[in-house]
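> Below is the file my_file-v8.pdb, with PDB, C-alpha atoms.
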```pdb
MODEL        1
ATOM      1  CA  MET A   3     -32.602  -2.034   2.694
ATOM      2  CA  ALA A   4     -32.433  -5.743   1.833
ATOM      3  CA  GLY A   5     -30.545  -6.203  -1.413
ATOM      4  CA  GLN A   6     -29.025  -2.721  -1.269
ATOM      5  CA  GLU A   7     -25.245  -2.678  -1.447
ATOM      6  CA  ILE A   8     -23.363  -0.561   1.079
ATOM      7  CA  ASN A   9     -20.503   1.244  -0.591
ATOM      8  CA  TRP A  10     -17.218   2.382   0.949
ATOM      9  CA  ASP A  11     -18.409   5.935   1.568
ATOM     10  CA  ARG A  12     -21.342   4.817   3.755
ATOM     11  CA  LEU A  13     -19.533   2.001   5.574
ATOM     12  CA  ASP A  14     -18.985   2.135   9.359
ATOM     13  CA  LYS A  15     -15.221   1.669   9.192
ATOM     14  CA  PHE A  16     -14.765   1.127  12.936
ATOM     15  CA  LYS A  17     -17.013  -1.927  12.891
ATOM     16  CA  PHE A  18     -15.672  -3.014   9.527
ATOM     17  CA  PHE A  19     -12.038  -3.091  10.652
ATOM     18  CA  TYR A  20     -12.251  -4.110  14.300
ATOM     19  CA  VAL A  21     -14.999  -6.681  14.004
ATOM     20  CA  GLY A  22     -13.548  -7.932  10.716
ATOM     21  CA  VAL A  23     -10.036  -8.290  12.099
ATOM     22  CA  GLY A  24     -11.422 -10.044  15.167
ATOM     23  CA  LEU A  25     -13.434 -12.513  13.102
ATOM     24  CA  PHE A  26     -10.545 -13.205  10.721
ATOM     25  CA  SER A  27      -8.207 -13.688  13.687
ATOM     26  CA  GLY A  28     -10.637 -16.204  15.158
ATOM     27  CA  VAL A  29     -10.683 -18.148  11.917
ATOM     28  CA  THR A  30      -6.868 -18.021  11.772
ATOM     29  CA  THR A  31      -6.654 -19.318  15.348
ATOM     30  CA  THR A  32      -8.967 -22.205  14.528
ATOM     31  CA  LEU A  33      -7.265 -23.244  11.295
ATOM     32  CA  PHE A  34      -3.613 -22.580  12.210
ATOM     33  CA  PRO A  35      -2.872 -26.130  13.444
ATOM     34  CA  LEU A  36      -3.710 -27.403   9.945
ATOM     35  CA  SER A  37      -1.080 -25.041   8.508
ATOM     36  CA  VAL A  38       1.513 -26.381  10.940
ATOM     37  CA  ILE A  39       0.697 -29.976  10.003
ATOM     38  CA  LYS A  40       0.812 -29.178   6.271
ATOM     39  CA  THR A  41       4.099 -27.299   6.585
ATOM     40  CA  ARG A  42       5.721 -30.087   8.567
ATOM     41  CA  GLN A  43       4.459 -32.679   6.086
ATOM     42  CA  MET A  44       6.098 -30.769   3.258
ATOM     43  CA  ALA A  45       9.343 -30.278   5.200
ATOM     44  CA  SER A  46       9.690 -33.896   6.333
ATOM     45  CA  HIS A  47      11.077 -35.322   3.033
ATOM     46  CA  ASN A  48       9.400 -38.612   3.888
ATOM     47  CA  SER A  49       6.941 -40.211   1.489
ATOM     48  CA  ALA A  50       5.280 -41.943   4.470
ATOM     49  CA  HIS A  51       3.937 -38.504   5.433
ATOM     50  CA  ALA A  52       1.945 -38.117   2.234
ATOM     51  CA  GLY A  53      -1.830 -38.154   2.227
ATOM     52  CA  LEU A  54      -4.268 -38.534   5.081
ATOM     53  CA  ALA A  55      -2.238 -41.214   6.876
ATOM     54  CA  GLY A  56       0.744 -38.852   6.842
ATOM     55  CA  THR A  57      -1.410 -36.072   8.242
ATOM     56  CA  ARG A  58      -2.400 -38.281  11.163
ATOM     57  CA  LEU A  59       1.227 -39.327  11.693
ATOM     58  CA  VAL A  60       2.525 -35.748  11.690
ATOM     59  CA  ALA A  61      -0.290 -34.561  13.979
ATOM     60  CA  SER A  62       0.350 -37.363  16.482
ATOM     61  CA  THR A  63       4.109 -36.681  16.379
ATOM     62  CA  ILE A  64       3.522 -32.997  17.129
ATOM     63  CA  TRP A  65       1.124 -33.885  19.959
ATOM     64  CA  GLN A  66       3.483 -36.429  21.528
ATOM     65  CA  GLN A  67       6.663 -34.357  21.251
ATOM     66  CA  GLU A  68       5.415 -30.805  21.794
ATOM     67  CA  GLY A  69       1.843 -30.933  23.011
ATOM     68  CA  MET A  70      -0.694 -28.273  22.065
ATOM     69  CA  ARG A  71       2.004 -25.570  21.819
ATOM     70  CA  GLY A  72       3.504 -27.413  18.850
ATOM     71  CA  PHE A  73       0.342 -26.837  16.835
ATOM     72  CA  TYR A  74       0.723 -23.081  17.327
ATOM     73  CA  ARG A  75       4.439 -22.713  16.605
ATOM     74  CA  GLY A  76       4.850 -19.459  14.641
ATOM     75  CA  PHE A  77       1.311 -18.322  15.455
ATOM     76  CA  GLY A  78       2.308 -15.016  17.043
ATOM     77  CA  THR A  79       4.125 -13.962  13.898
ATOM     78  CA  VAL A  80       1.139 -14.800  11.732
ATOM     79  CA  LEU A  81      -1.353 -13.086  13.999
ATOM     80  CA  VAL A  82       0.690  -9.887  14.269
ATOM     81  CA  GLY A  83       1.326  -9.888  10.521
ATOM     82  CA  THR A  84      -2.139 -10.757   9.309
ATOM     83  CA  MET A  85      -3.884  -8.013  11.255
ATOM     84  CA  PRO A  86      -2.316  -5.233   9.175
ATOM     85  CA  GLY A  87      -2.500  -7.494   6.136
ATOM     86  CA  ARG A  88      -6.246  -7.941   6.482
ATOM     87  CA  THR A  89      -6.706  -4.222   7.082
ATOM     88  CA  ILE A  90      -4.692  -3.427   3.949
ATOM     89  CA  TYR A  91      -6.658  -6.004   1.970
ATOM     90  CA  MET A  92     -10.084  -4.801   3.022
ATOM     91  CA  THR A  93      -9.177  -1.137   2.552
ATOM     92  CA  SER A  94      -7.640  -1.716  -0.876
ATOM     93  CA  LEU A  95     -10.514  -3.957  -1.941
ATOM     94  CA  GLU A  96     -13.256  -1.536  -0.974
ATOM     95  CA  MET A  97     -11.500   1.619  -2.182
ATOM     96  CA  ALA A  98     -10.595   0.135  -5.571
ATOM     97  CA  LYS A  99     -14.060  -1.366  -5.949
ATOM     98  CA  SER A 100     -15.680   1.960  -5.138
ATOM     99  CA  ALA A 101     -13.403   3.843  -7.537
ATOM    100  CA  ALA A 102     -14.088   1.319 -10.316
ATOM    101  CA  GLN A 103     -17.841   1.613  -9.748
ATOM    102  CA  LYS A 104     -17.721   5.414  -9.925
ATOM    103  CA  LEU A 105     -15.641   5.290 -13.118
ATOM    104  CA  GLY A 106     -17.964   2.702 -14.645
ATOM    105  CA  GLU A 107     -21.013   4.807 -13.846
ATOM    106  CA  ARG A 108     -19.412   7.829 -15.546
ATOM    107  CA  LEU A 109     -18.635   5.677 -18.589
ATOM    108  CA  ASP A 110     -22.218   4.347 -18.578
ATOM    109  CA  VAL A 111     -21.240   0.675 -18.192
ATOM    110  CA  ALA A 112     -24.106  -1.786 -17.770
ATOM    111  CA  PRO A 113     -24.813  -2.534 -14.071
ATOM    112  CA  SER A 114     -24.214  -6.285 -14.407
ATOM    113  CA  ALA A 115     -20.861  -5.760 -16.120
ATOM    114  CA  LEU A 116     -19.948  -3.004 -13.676
ATOM    115  CA  ALA A 117     -20.515  -5.275 -10.672
ATOM    116  CA  GLY A 118     -18.185  -7.922 -12.094
ATOM    117  CA  VAL A 119     -15.485  -5.519 -13.227
ATOM    118  CA  SER A 120     -15.470  -3.537  -9.990
ATOM    119  CA  SER A 121     -15.252  -6.742  -7.937
ATOM    120  CA  PHE A 122     -12.379  -7.972 -10.105
ATOM    121  CA  VAL A 123     -10.494  -4.680  -9.812
ATOM    122  CA  GLY A 124     -11.091  -4.513  -6.064
ATOM    123  CA  GLY A 125      -9.979  -8.109  -5.513
ATOM    124  CA  ALA A 126      -6.862  -7.661  -7.620
ATOM    125  CA  ALA A 127      -5.876  -4.433  -5.847
ATOM    126  CA  GLY A 128      -6.523  -5.986  -2.440
ATOM    127  CA  SER A 129      -4.539  -9.127  -3.181
ATOM    128  CA  LEU A 130      -1.575  -7.329  -4.698
ATOM    129  CA  SER A 131      -1.284  -4.796  -1.892
ATOM    130  CA  THR A 132      -1.614  -7.451   0.807
ATOM    131  CA  GLN A 133       1.079  -9.737  -0.597
ATOM    132  CA  VAL A 134       3.717  -7.115   0.143
ATOM    133  CA  VAL A 135       3.025  -7.590   3.860
ATOM    134  CA  VAL A 136       1.827 -11.183   4.105
ATOM    135  CA  VAL A 137       4.406 -13.120   2.058
ATOM    136  CA  PRO A 138       7.456 -12.165   4.160
ATOM    137  CA  ILE A 139       5.481 -12.913   7.318
ATOM    138  CA  ASP A 140       4.439 -16.310   5.942
ATOM    139  CA  VAL A 141       8.065 -17.171   5.204
ATOM    140  CA  VAL A 142       9.104 -16.322   8.773
ATOM    141  CA  SER A 143       6.114 -18.202  10.186
ATOM    142  CA  GLN A 144       6.822 -21.338   8.158
ATOM    143  CA  ARG A 145      10.428 -21.334   9.292
ATOM    144  CA  LEU A 146       9.249 -21.050  12.893
ATOM    145  CA  MET A 147       6.808 -23.935  12.347
ATOM    146  CA  VAL A 148       9.626 -26.334  11.474
ATOM    147  CA  ALA A 149      12.445 -24.834  13.573
ATOM    148  CA  GLY A 150      13.575 -27.344  16.168
ATOM    149  CA  ALA A 151      10.913 -29.864  15.179
ATOM    150  CA  GLN A 152      12.022 -33.460  14.848
ATOM    151  CA  LEU A 153      10.832 -34.293  11.371
ATOM    152  CA  PRO A 154      10.953 -38.040  10.683
ATOM    153  CA  GLY A 155      12.787 -38.634   7.442
ATOM    154  CA  ALA A 156      14.456 -35.227   7.418
ATOM    155  CA  ALA A 157      17.715 -36.592   8.852
ATOM    156  CA  ALA A 158      17.759 -39.392   6.281
ATOM    157  CA  ALA A 159      17.097 -36.937   3.453
ATOM    158  CA  THR A 160      19.869 -34.639   4.693
ATOM    159  CA  ALA A 161      22.301 -37.549   4.982
ATOM    160  CA  ALA A 162      21.392 -38.774   1.491
ATOM    161  CA  ALA A 163      21.896 -35.279   0.060
ATOM    162  CA  ALA A 164      25.244 -34.980   1.830
ATOM    163  CA  ALA A 165      26.309 -38.402   0.564
ATOM    164  CA  ALA A 166      25.254 -37.522  -2.968
ATOM    165  CA  GLY A 167      27.159 -34.247  -2.717
ATOM    166  CA  SER A 168      30.331 -35.911  -1.409
ATOM    167  CA  SER A 169      30.200 -38.682  -4.026
ATOM    168  CA  ALA A 170      29.719 -36.082  -6.755
ATOM    169  CA  ALA A 171      32.633 -34.082  -5.364
ATOM    170  CA  GLY A 172      34.728 -37.250  -5.106
ATOM    171  CA  SER A 173      34.011 -38.282  -8.698
ATOM    172  CA  SER A 174      34.750 -34.797 -10.015
ATOM    173  CA  SER A 175      38.023 -34.588  -8.086
ATOM    174  CA  SER A 176      39.053 -38.098  -9.215
ATOM    175  CA  GLY A 177      38.126 -37.110 -12.756
ATOM    176  CA  ARG A 178      40.365 -34.071 -12.479
ATOM    177  CA  ALA A 179      43.161 -36.191 -11.099
ATOM    178  CA  ALA A 180      42.816 -38.705 -13.927
ATOM    179  CA  GLY A 181      42.677 -35.991 -16.543
ATOM    180  CA  ALA A 182      45.660 -34.084 -15.143
TER     181      ALA A 182
ENDMDL
END
```
Could you rewrite the structure in this file as structure tokens?

Amino acid sequence: MAGQEINWDRLDKFKFFYVGVGLFSGVTTTLFPLSVIKTRQMASHNSAHAGLAGTRLVASTIWQQEGMRGFYRGFGTVLVGTMPGRTIYMTSLEMAKSAAQKLGERLDVAPSALAGVSSFVGGAAGSLSTQVVVVPIDVVSQRLMVAGAQLPGAAAATAAAAAAGSSAAGSSSSGRAAGA
């Protein structure tokens, strides 16, 4: 049985979905704090938060201000959303791959080419179908990650944008007054 590929028709779907979702959820749980740090780095508008030093600064700020809970802000949304997303991905991947393999066999495509093409088709179908579910959930999760967080540099960036907007409005209104 070593080296033999198990196709969709012979797959134990109970184990495939439940064990797979459990393993993927474990990986998500482990890596989620890195997503929070990355998202807050991007939202901070502070060049001091760039690079590895910025990562350490953002992580220590989260730890000091919010504790461990801060590293998992938005996690519930991601976990609830990725479970169906992963199920959709794996189902679409395996079904499309299986269908492409059957079609390729009927068309007498070489086995090496068939393996590559069926994997490509399966991956594309899985990715496209999953994005419909995952992207909106990611947007909500990222907003939750930064909601209420004190992001150093964000206040300064907001004030600078407001000042730039008011000076632009002031120059355009004075220009209208001069031209009138």
> Determine, counting all atoms listed in the file, every residue of protein, DNA or RNA that lies within 12 Å of (-6.2, -3.8, 2.4) in the file coordinates, then give the result as a PyMOL selection string.
chain A and resi 18-19+22-23+84-99+124-136
> Ranking A:Asn48, A:Ser100, A:Ser121, A:Thr41 by minimum distance to Val141 in chain A and counting only C-alpha atoms, which one comes first?
A:Thr41
> Using all atoms listed in the file, which residues sit within 10 Å of Ala61 in chain A once same-chain residues fewer than 4 positions away are excluded, as an MDAnalysis selection string?
chainID A and resid 35:36 38:40 42:43 55:57 65:66 69 72:73
> Between CA of Leu54 in chain A and CA of Val142 in chain A, measure the distance and give it in Å to one decimal.
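That distance, rounded to one decimal, is 26.2 Å.
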> Could you tell me which of A:Ser49, A:Ser120, A:Ser37, A:Thr63 comes closest to Asp140 in chain A if we count all atoms listed in the file?
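Result for the nearest residue to Asp140 in chain A: A:Ser37.
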> Go through A:Ala102, A:Phe16, A:Pro138, A:Ser46 one by one, measure the shortest atom-to-atom distance of each to Phe122 in chain A using all atoms listed in the file, and give the residue with the smallest value.
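Looking only at the distances to Phe122 in chain A, the closest residue turns out to be A:Ala102.
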> Find the distance between CA of Ala149 in chain A and CA of Thr79 in chain A and write it in Å to one decimal.
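Distance reported for this atom pair: 13.7 Å.
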> Which residue gives the smallest distance to Val137 in chain A among A:Ala151, A:Val80, A:Leu109, A:Val119, with all atoms listed in the file counted?
A:Val80
> What does the distance from CA of Gly53 in chain A to CA of Gly150 in chain A come to in Å, to one decimal?
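Computing it gives 23.4 Å between the two atoms.
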> Which residue, A:Val82, A:Ala112, A:Ala117, A:Ala101, has the smallest gap to Ile139 in chain A when you use all atoms listed in the file?
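Comparing A:Val82, A:Ala112, A:Ala117, A:Ala101 against Ile139 in chain A, the winner is A:Val82.
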> Starting from the incomplete input, reconstruct N, CA, C and O atoms of range 70-85 of chain A and write that as a CSV table (one decimal), in the frame of the given file.

```csv
chain,number,residue,atom,x,y,z
A,70,MET,N,0.1,-29.3,22.8
A,70,MET,CA,-0.7,-28.3,22.1
A,70,MET,C,0.1,-27.1,21.5
A,70,MET,O,-0.2,-26.6,20.5
A,71,ARG,N,1.2,-26.7,22.3
A,71,ARG,CA,2.0,-25.6,21.8
A,71,ARG,C,2.6,-25.8,20.5
A,71,ARG,O,2.8,-24.9,19.7
A,72,GLY,N,2.9,-27.1,20.1
A,72,GLY,CA,3.5,-27.4,18.8
A,72,GLY,C,2.6,-27.1,17.7
A,72,GLY,O,3.1,-26.8,16.6
A,73,PHE,N,1.3,-27.1,17.9
A,73,PHE,CA,0.3,-26.8,16.8
A,73,PHE,C,0.2,-25.3,16.6
A,73,PHE,O,-0.3,-24.9,15.6
A,74,TYR,N,0.8,-24.5,17.5
A,74,TYR,CA,0.7,-23.1,17.3
A,74,TYR,C,2.1,-22.5,17.2
A,74,TYR,O,2.3,-21.3,17.4
A,75,ARG,N,3.1,-23.2,16.8
A,75,ARG,CA,4.4,-22.7,16.6
A,75,ARG,C,4.4,-21.7,15.4
A,75,ARG,O,4.0,-22.1,14.4
A,76,GLY,N,4.9,-20.5,15.7
A,76,GLY,CA,4.8,-19.5,14.6
A,76,GLY,C,3.6,-18.7,14.6
A,76,GLY,O,3.4,-17.8,13.8
A,77,PHE,N,2.6,-19.0,15.5
A,77,PHE,CA,1.3,-18.3,15.5
A,77,PHE,C,1.4,-16.8,15.8
A,77,PHE,O,0.7,-16.0,15.1
A,78,GLY,N,2.2,-16.4,16.7
A,78,GLY,CA,2.3,-15.0,17.0
A,78,GLY,C,2.7,-14.2,15.9
A,78,GLY,O,2.2,-13.1,15.6
A,79,THR,N,3.7,-14.7,15.1
A,79,THR,CA,4.1,-14.0,13.9
A,79,THR,C,3.0,-13.8,12.9
A,79,THR,O,2.8,-12.7,12.3
A,80,VAL,N,2.2,-14.9,12.7
A,80,VAL,CA,1.1,-14.8,11.7
A,80,VAL,C,0.1,-13.8,12.2
A,80,VAL,O,-0.4,-13.0,11.4
A,81,LEU,N,-0.3,-13.9,13.5
A,81,LEU,CA,-1.4,-13.1,14.0
A,81,LEU,C,-1.0,-11.6,13.9
A,81,LEU,O,-1.8,-10.8,13.5
A,82,VAL,N,0.2,-11.3,14.3
A,82,VAL,CA,0.7,-9.9,14.3
A,82,VAL,C,0.8,-9.4,12.8
A,82,VAL,O,0.5,-8.3,12.5
A,83,GLY,N,1.2,-10.3,11.9
A,83,GLY,CA,1.3,-9.9,10.5
A,83,GLY,C,0.0,-9.8,9.7
A,83,GLY,O,-0.1,-9.0,8.9
A,84,THR,N,-0.9,-10.7,10.1
A,84,THR,CA,-2.1,-10.8,9.3
A,84,THR,C,-3.1,-9.7,9.7
A,84,THR,O,-3.9,-9.3,8.9
A,85,MET,N,-3.0,-9.1,10.9
A,85,MET,CA,-3.9,-8.0,11.3
A,85,MET,C,-3.7,-6.8,10.3
A,85,MET,O,-4.7,-6.4,9.7
```
